[in-house]
Amino acid sequence: MPDVDLAIVGSGFGGSILAMVARRLGLRVALIERGRHPRFAIGESSSPLAGILIEQLADRYDLPRLRPLAAFGAWQRAYPDLVCGLKRGFTYFKHEAGRPFAAAADRSNHLLVAASPHDEISDTHWLRSDVDTFLMREAVALGAEYADEVQLESLDWTAAGLAVLGGRRRGAAFRVGARGVIDATGPRGFLSRALALQPQGFAGYPATQALFSHFTGVARCDDMPAYLGAGARGEAPPYPVDDAALHHVFDGGWMWVLRFGNGVTSAGVAIVDALAEDLRAADGEAAWYRLLDRFPTVRAQFADARPTRQFDYMPRLSYRAPAAAGPRWALLPSAAGFVDPLFSTGFPLTLLGIERLAWLLDSGAFFGEPRAADPHRRPTGAPSSLDAYSAITLAEADHTARFVAGCYAGFPRFDHFVQYSMFYFAAASYAEMARRVSPERAAAGFLRAADPTFASAVRALSPALFTSQPGALAAHVCRAVDAVNIAGLCDEGKRNWYAADAADAIAGAGKLGVAAEEVTAALAALGF
């Protein structure tokens, strides 16, 4: 492989999109893959913030073939054979071990939060074997040098500052030289090993494990009597509950159920160590069925389900590197720190990392050779250096871990989980709209990690720490998110069903620093 400007290790969606951007910037790019496409991967669920990040990257770097992946309708028209699933929102059902689930008439044991008002502008679930292959081919079509089945074994830096990556490819020696290296391989990846970056973990975060696979024959909850009671008082849910990131929540963990358009469903669990040991999670498929036996209604949903592949077991789910960048090298956020799939945080964090690294490449700061760059391509909250990128990336990972740890602590009391989740939904909906009408107000980063007041409230109001009188958490959270609540959240009258209502966003225009007419116009342009 010829020497290049930038070597990107890992050709999942993050590495391939970054390679596409780097090619548009005129850089010579090597995209290096350990496996071979198509290959299985998790991290499959998009979000509204991820959608607008895809739109903005596509527009900023002239990538029109990327843009349709931002929303379900555009995706279906542009790439009808590229498998995805419909994601209208976030669905949560709370289960008790040994007891059948029945939707409570007061909705106290479930939560529905819509992310879109209709299918056209809905988010998506990505069948990663399909989507990663598509994006890799797009990067190659733009001129990236691609090599798969590469086992990288070494990284050396020459006196002139060239990174030399060495290893084996299909039995032969492999070598590429690059002015810079970016790791898109995920936790415990190539650069973490080559640079001996010792993981630090997340302070106060519960040790968790994961078990997952793909299935056919998974029943829909909205076809099951236990869940039909969710339509209490004759009201229809804000979206079909299965056309979502569906979560079965229980003490000690949760299960995801994500449907693709080809009849395949991704399902898996993230559970604390104590529960994993009780289930003997390392047994794989047998442990899966032991878990189902504990929750009768989930077991009924999977009664006719069949796995399409072996089960994957992860004995340690979370990971945090001590640094996310150094001179002429960087880790994508997915390689620098991984917390948990809860709330689909992986997509937006990865895309934010791409956006920030793209600016450092564009401005020359990545290579220590700053130059004038088109100011119109400068993103919200752009870092000025690789050190700044590292600090932002790890701060957002730590902040996300604190939030998810609070969610785990809230699982035993579902009302606490629901109330605490408002931090995510308020911050995410605000960031999406701010990026459309008032970009500077999105500069606080993911989950408003750089907003001291908001971040302090996330920490102080965690169900792991909150000890005030019963019922007080809701009022505290409502006050804490009020400045960014433009989605009608924390409304007791909605009884845990939150539709995507344009009126809420328009009423919140002042919190975005713009007139109501600007929000109205942005929503109309979006197709709301």
# chains A, B, ... in the order shown; residues from 1 in each chain; ligands from 1
$ select_by_dssp --residues "stretch 178-412 of chain A" --states "strand (DSSP E or B)" --output "PyMOL selection string"
chain A and resi 178-183+208-216+245-250+253-259+264-272+306-307+312-314+319-320+325-326+329-331+337-338
$ residues_around --residues "A:Ala97" --least-positions-apart "6" --cutoff "9 Å" --atoms "only C-alpha atoms" --output "MDAnalysis selection string"
chainID A and resid 250:251 293:296
$ residues_around --residues "A:Leu6" --least-positions-apart "6" --cutoff "12 Å" --atoms "only C-alpha atoms" --output "PDB file with N, CA and C atoms, in the first residue's frame"
ATOM      1  N   GLY A  15     -15.218   5.113  10.615  1.00  0.00           N
ATOM      2  CA  GLY A  15     -13.992   5.187   9.836  1.00  0.00           C
ATOM      3  C   GLY A  15     -14.251   5.500   8.388  1.00  0.00           C
ATOM      4  N   LEU A  18     -15.388   9.180   7.920  1.00  0.00           N
ATOM      5  CA  LEU A  18     -14.222  10.049   8.085  1.00  0.00           C
ATOM      6  C   LEU A  18     -13.312   9.961   6.860  1.00  0.00           C
ATOM      7  N   ALA A  19     -13.160   8.775   6.291  1.00  0.00           N
ATOM      8  CA  ALA A  19     -12.354   8.636   5.074  1.00  0.00           C
ATOM      9  C   ALA A  19     -12.968   9.414   3.925  1.00  0.00           C
ATOM     10  N   MET A  20     -14.287   9.417   3.816  1.00  0.00           N
ATOM     11  CA  MET A  20     -14.960  10.183   2.766  1.00  0.00           C
ATOM     12  C   MET A  20     -14.683  11.674   2.936  1.00  0.00           C
ATOM     13  N   VAL A  21     -14.789  12.159   4.172  1.00  0.00           N
ATOM     14  CA  VAL A  21     -14.529  13.575   4.445  1.00  0.00           C
ATOM     15  C   VAL A  21     -13.076  13.921   4.117  1.00  0.00           C
ATOM     16  N   ALA A  22     -12.150  13.079   4.571  1.00  0.00           N
ATOM     17  CA  ALA A  22     -10.731  13.353   4.334  1.00  0.00           C
ATOM     18  C   ALA A  22     -10.412  13.393   2.840  1.00  0.00           C
ATOM     19  N   ARG A  23     -11.043  12.544   2.066  1.00  0.00           N
ATOM     20  CA  ARG A  23     -10.830  12.589   0.611  1.00  0.00           C
ATOM     21  C   ARG A  23     -11.353  13.899   0.033  1.00  0.00           C
ATOM     22  N   LEU A  25     -11.291  16.615   1.445  1.00  0.00           N
ATOM     23  CA  LEU A  25     -10.323  17.641   1.824  1.00  0.00           C
ATOM     24  C   LEU A  25      -9.024  17.509   1.028  1.00  0.00           C
ATOM     25  N   GLY A  26      -8.964  16.552   0.145  1.00  0.00           N
ATOM     26  CA  GLY A  26      -7.796  16.388  -0.715  1.00  0.00           C
ATOM     27  C   GLY A  26      -6.683  15.560  -0.112  1.00  0.00           C
ATOM     28  N   LEU A  27      -6.960  14.858   0.987  1.00  0.00           N
ATOM     29  CA  LEU A  27      -5.928  14.050   1.625  1.00  0.00           C
ATOM     30  C   LEU A  27      -5.849  12.658   0.992  1.00  0.00           C
ATOM     31  N   ARG A  28      -4.647  12.124   0.939  1.00  0.00           N
ATOM     32  CA  ARG A  28      -4.466  10.725   0.554  1.00  0.00           C
ATOM     33  C   ARG A  28      -4.781   9.870   1.776  1.00  0.00           C
ATOM     34  N   VAL A  29      -5.674   8.901   1.610  1.00  0.00           N
ATOM     35  CA  VAL A  29      -6.218   8.172   2.751  1.00  0.00           C
ATOM     36  C   VAL A  29      -6.037   6.671   2.556  1.00  0.00           C
ATOM     37  N   ALA A  30      -5.565   6.005   3.607  1.00  0.00           N
ATOM     38  CA  ALA A  30      -5.573   4.542   3.669  1.00  0.00           C
ATOM     39  C   ALA A  30      -6.626   4.128   4.690  1.00  0.00           C
ATOM     40  N   LEU A  31      -7.540   3.261   4.278  1.00  0.00           N
ATOM     41  CA  LEU A  31      -8.594   2.748   5.141  1.00  0.00           C
ATOM     42  C   LEU A  31      -8.291   1.263   5.362  1.00  0.00           C
ATOM     43  N   ILE A  32      -8.000   0.901   6.605  1.00  0.00           N
ATOM     44  CA  ILE A  32      -7.465  -0.431   6.918  1.00  0.00           C
ATOM     45  C   ILE A  32      -8.460  -1.184   7.786  1.00  0.00           C
ATOM     46  N   ALA A 144     -10.216   6.546  -1.553  1.00  0.00           N
ATOM     47  CA  ALA A 144      -9.476   5.989  -0.413  1.00  0.00           C
ATOM     48  C   ALA A 144      -8.832   4.670  -0.819  1.00  0.00           C
ATOM     49  N   GLU A 145      -7.595   4.461  -0.377  1.00  0.00           N
ATOM     50  CA  GLU A 145      -6.917   3.175  -0.572  1.00  0.00           C
ATOM     51  C   GLU A 145      -7.421   2.223   0.515  1.00  0.00           C
ATOM     52  N   LEU A 162       6.866  10.338  10.384  1.00  0.00           N
ATOM     53  CA  LEU A 162       5.970   9.467   9.637  1.00  0.00           C
ATOM     54  C   LEU A 162       5.600   8.266  10.508  1.00  0.00           C
ATOM     55  N   ALA A 163       4.322   7.974  10.584  1.00  0.00           N
ATOM     56  CA  ALA A 163       3.855   6.785  11.289  1.00  0.00           C
ATOM     57  C   ALA A 163       3.921   5.601  10.341  1.00  0.00           C
ATOM     58  N   VAL A 164       4.597   4.553  10.754  1.00  0.00           N
ATOM     59  CA  VAL A 164       4.713   3.345   9.933  1.00  0.00           C
ATOM     60  C   VAL A 164       3.925   2.231  10.616  1.00  0.00           C
ATOM     61  N   LEU A 165       2.839   1.781   9.948  1.00  0.00           N
ATOM     62  CA  LEU A 165       1.999   0.717  10.462  1.00  0.00           C
ATOM     63  C   LEU A 165       2.403  -0.572   9.764  1.00  0.00           C
ATOM     64  N   VAL A 176       2.276   0.421   5.705  1.00  0.00           N
ATOM     65  CA  VAL A 176       1.848   1.703   5.148  1.00  0.00           C
ATOM     66  C   VAL A 176       2.421   2.807   6.027  1.00  0.00           C
ATOM     67  N   GLY A 177       2.881   3.845   5.403  1.00  0.00           N
ATOM     68  CA  GLY A 177       3.347   5.028   6.115  1.00  0.00           C
ATOM     69  C   GLY A 177       2.311   6.132   6.007  1.00  0.00           C
ATOM     70  N   ALA A 178       2.152   6.910   7.082  1.00  0.00           N
ATOM     71  CA  ALA A 178       1.142   7.963   7.090  1.00  0.00           C
ATOM     72  C   ALA A 178       1.627   9.137   7.938  1.00  0.00           C
ATOM     73  N   ARG A 179       1.200  10.325   7.539  1.00  0.00           N
ATOM     74  CA  ARG A 179       1.534  11.509   8.329  1.00  0.00           C
ATOM     75  C   ARG A 179       0.730  11.556   9.622  1.00  0.00           C
ATOM     76  N   GLY A 180      -0.395  10.867   9.652  1.00  0.00           N
ATOM     77  CA  GLY A 180      -1.224  10.822  10.847  1.00  0.00           C
ATOM     78  C   GLY A 180      -2.070   9.570  10.864  1.00  0.00           C
ATOM     79  N   VAL A 181      -2.553   9.195  12.061  1.00  0.00           N
ATOM     80  CA  VAL A 181      -3.319   7.959  12.239  1.00  0.00           C
ATOM     81  C   VAL A 181      -4.555   8.245  13.081  1.00  0.00           C
ATOM     82  N   ILE A 182      -5.692   7.703  12.643  1.00  0.00           N
ATOM     83  CA  ILE A 182      -6.931   7.784  13.423  1.00  0.00           C
ATOM     84  C   ILE A 182      -7.468   6.383  13.618  1.00  0.00           C
ATOM     85  N   ASP A 183      -7.805   6.055  14.852  1.00  0.00           N
ATOM     86  CA  ASP A 183      -8.320   4.738  15.216  1.00  0.00           C
ATOM     87  C   ASP A 183      -9.843   4.789  15.248  1.00  0.00           C
ATOM     88  N   ARG A 328      -0.399  13.916  16.080  1.00  0.00           N
ATOM     89  CA  ARG A 328      -0.710  13.269  14.798  1.00  0.00           C
ATOM     90  C   ARG A 328      -1.439  11.935  14.945  1.00  0.00           C
ATOM     91  N   TRP A 329      -2.087  11.722  16.077  1.00  0.00           N
ATOM     92  CA  TRP A 329      -2.944  10.539  16.211  1.00  0.00           C
ATOM     93  C   TRP A 329      -4.178  10.893  17.029  1.00  0.00           C
ATOM     94  N   ALA A 330      -5.227  10.134  16.784  1.00  0.00           N
ATOM     95  CA  ALA A 330      -6.471  10.368  17.518  1.00  0.00           C
ATOM     96  C   ALA A 330      -7.313   9.104  17.511  1.00  0.00           C
ATOM     97  N   LEU A 357     -12.784  16.113  14.239  1.00  0.00           N
ATOM     98  CA  LEU A 357     -11.527  15.722  13.581  1.00  0.00           C
ATOM     99  C   LEU A 357     -11.471  16.255  12.158  1.00  0.00           C
ATOM    100  N   ALA A 358     -12.613  16.313  11.488  1.00  0.00           N
ATOM    101  CA  ALA A 358     -12.644  16.871  10.134  1.00  0.00           C
ATOM    102  C   ALA A 358     -12.156  18.317  10.134  1.00  0.00           C
ATOM    103  N   LEU A 361      -8.403  18.395  10.584  1.00  0.00           N
ATOM    104  CA  LEU A 361      -7.756  18.048   9.316  1.00  0.00           C
ATOM    105  C   LEU A 361      -7.852  19.206   8.337  1.00  0.00           C
ATOM    106  N   PHE A 366      -4.418  19.116  12.833  1.00  0.00           N
ATOM    107  CA  PHE A 366      -4.164  17.703  13.103  1.00  0.00           C
ATOM    108  C   PHE A 366      -2.692  17.353  12.861  1.00  0.00           C
ATOM    109  N   PHE A 367      -2.097  17.951  11.826  1.00  0.00           N
ATOM    110  CA  PHE A 367      -0.708  17.656  11.473  1.00  0.00           C
ATOM    111  C   PHE A 367       0.277  18.669  12.052  1.00  0.00           C
TER     112      PHE A 367
END
$ closest_residue --among "A:Ala114, A:Ala159, A:Leu512, A:Ser16" --to "A:Pro237" --atoms "only C-alpha atoms"
A:Ala114
$ residues_around --residues "A:Tyr289" --least-positions-apart "6" --cutoff "10 Å" --atoms "only C-alpha atoms" --output "list in words"
Leu279, Arg299 and Phe302 of chain A
$ write_last_selection --atoms "all heavy atoms" --output "PDB file, in the first residue's frame"
ATOM      1  N   LEU A 279     -26.839 -15.433  36.027  1.00  0.00           N
ATOM      2  CA  LEU A 279     -27.330 -16.049  34.792  1.00  0.00           C
ATOM      3  C   LEU A 279     -26.260 -16.885  34.090  1.00  0.00           C
ATOM      4  O   LEU A 279     -26.566 -17.582  33.127  1.00  0.00           O
ATOM      5  CB  LEU A 279     -27.814 -14.965  33.825  1.00  0.00           C
ATOM      6  CG  LEU A 279     -29.051 -14.178  34.242  1.00  0.00           C
ATOM      7  CD1 LEU A 279     -29.222 -12.961  33.350  1.00  0.00           C
ATOM      8  CD2 LEU A 279     -30.293 -15.065  34.178  1.00  0.00           C
ATOM      9  N   ARG A 299     -40.387 -13.458  27.480  1.00  0.00           N
ATOM     10  CA  ARG A 299     -40.258 -14.827  26.969  1.00  0.00           C
ATOM     11  C   ARG A 299     -41.322 -15.103  25.912  1.00  0.00           C
ATOM     12  O   ARG A 299     -41.040 -15.706  24.868  1.00  0.00           O
ATOM     13  CB  ARG A 299     -40.392 -15.816  28.125  1.00  0.00           C
ATOM     14  CG  ARG A 299     -40.214 -17.285  27.695  1.00  0.00           C
ATOM     15  CD  ARG A 299     -40.324 -18.206  28.895  1.00  0.00           C
ATOM     16  NE  ARG A 299     -41.650 -18.112  29.498  1.00  0.00           N
ATOM     17  CZ  ARG A 299     -41.888 -18.180  30.808  1.00  0.00           C
ATOM     18  NH1 ARG A 299     -40.895 -18.337  31.674  1.00  0.00           N
ATOM     19  NH2 ARG A 299     -43.124 -18.080  31.279  1.00  0.00           N
ATOM     20  N   PHE A 302     -40.461 -13.713  22.537  1.00  0.00           N
ATOM     21  CA  PHE A 302     -39.413 -14.458  21.841  1.00  0.00           C
ATOM     22  C   PHE A 302     -39.749 -15.947  21.689  1.00  0.00           C
ATOM     23  O   PHE A 302     -38.875 -16.743  21.339  1.00  0.00           O
ATOM     24  CB  PHE A 302     -38.084 -14.301  22.581  1.00  0.00           C
ATOM     25  CG  PHE A 302     -37.415 -12.976  22.338  1.00  0.00           C
ATOM     26  CD1 PHE A 302     -37.800 -11.851  23.042  1.00  0.00           C
ATOM     27  CD2 PHE A 302     -36.415 -12.850  21.387  1.00  0.00           C
ATOM     28  CE1 PHE A 302     -37.194 -10.620  22.813  1.00  0.00           C
ATOM     29  CE2 PHE A 302     -35.805 -11.639  21.147  1.00  0.00           C
ATOM     30  CZ  PHE A 302     -36.191 -10.514  21.859  1.00  0.00           C
TER      31      PHE A 302
END
$ residues_around --residues "stretch 39-44 of chain A" --least-positions-apart "5" --cutoff "6 Å" --atoms "only C-alpha atoms" --output "JSON, numbers by chain"
{"A": [125, 126, 128, 129]}
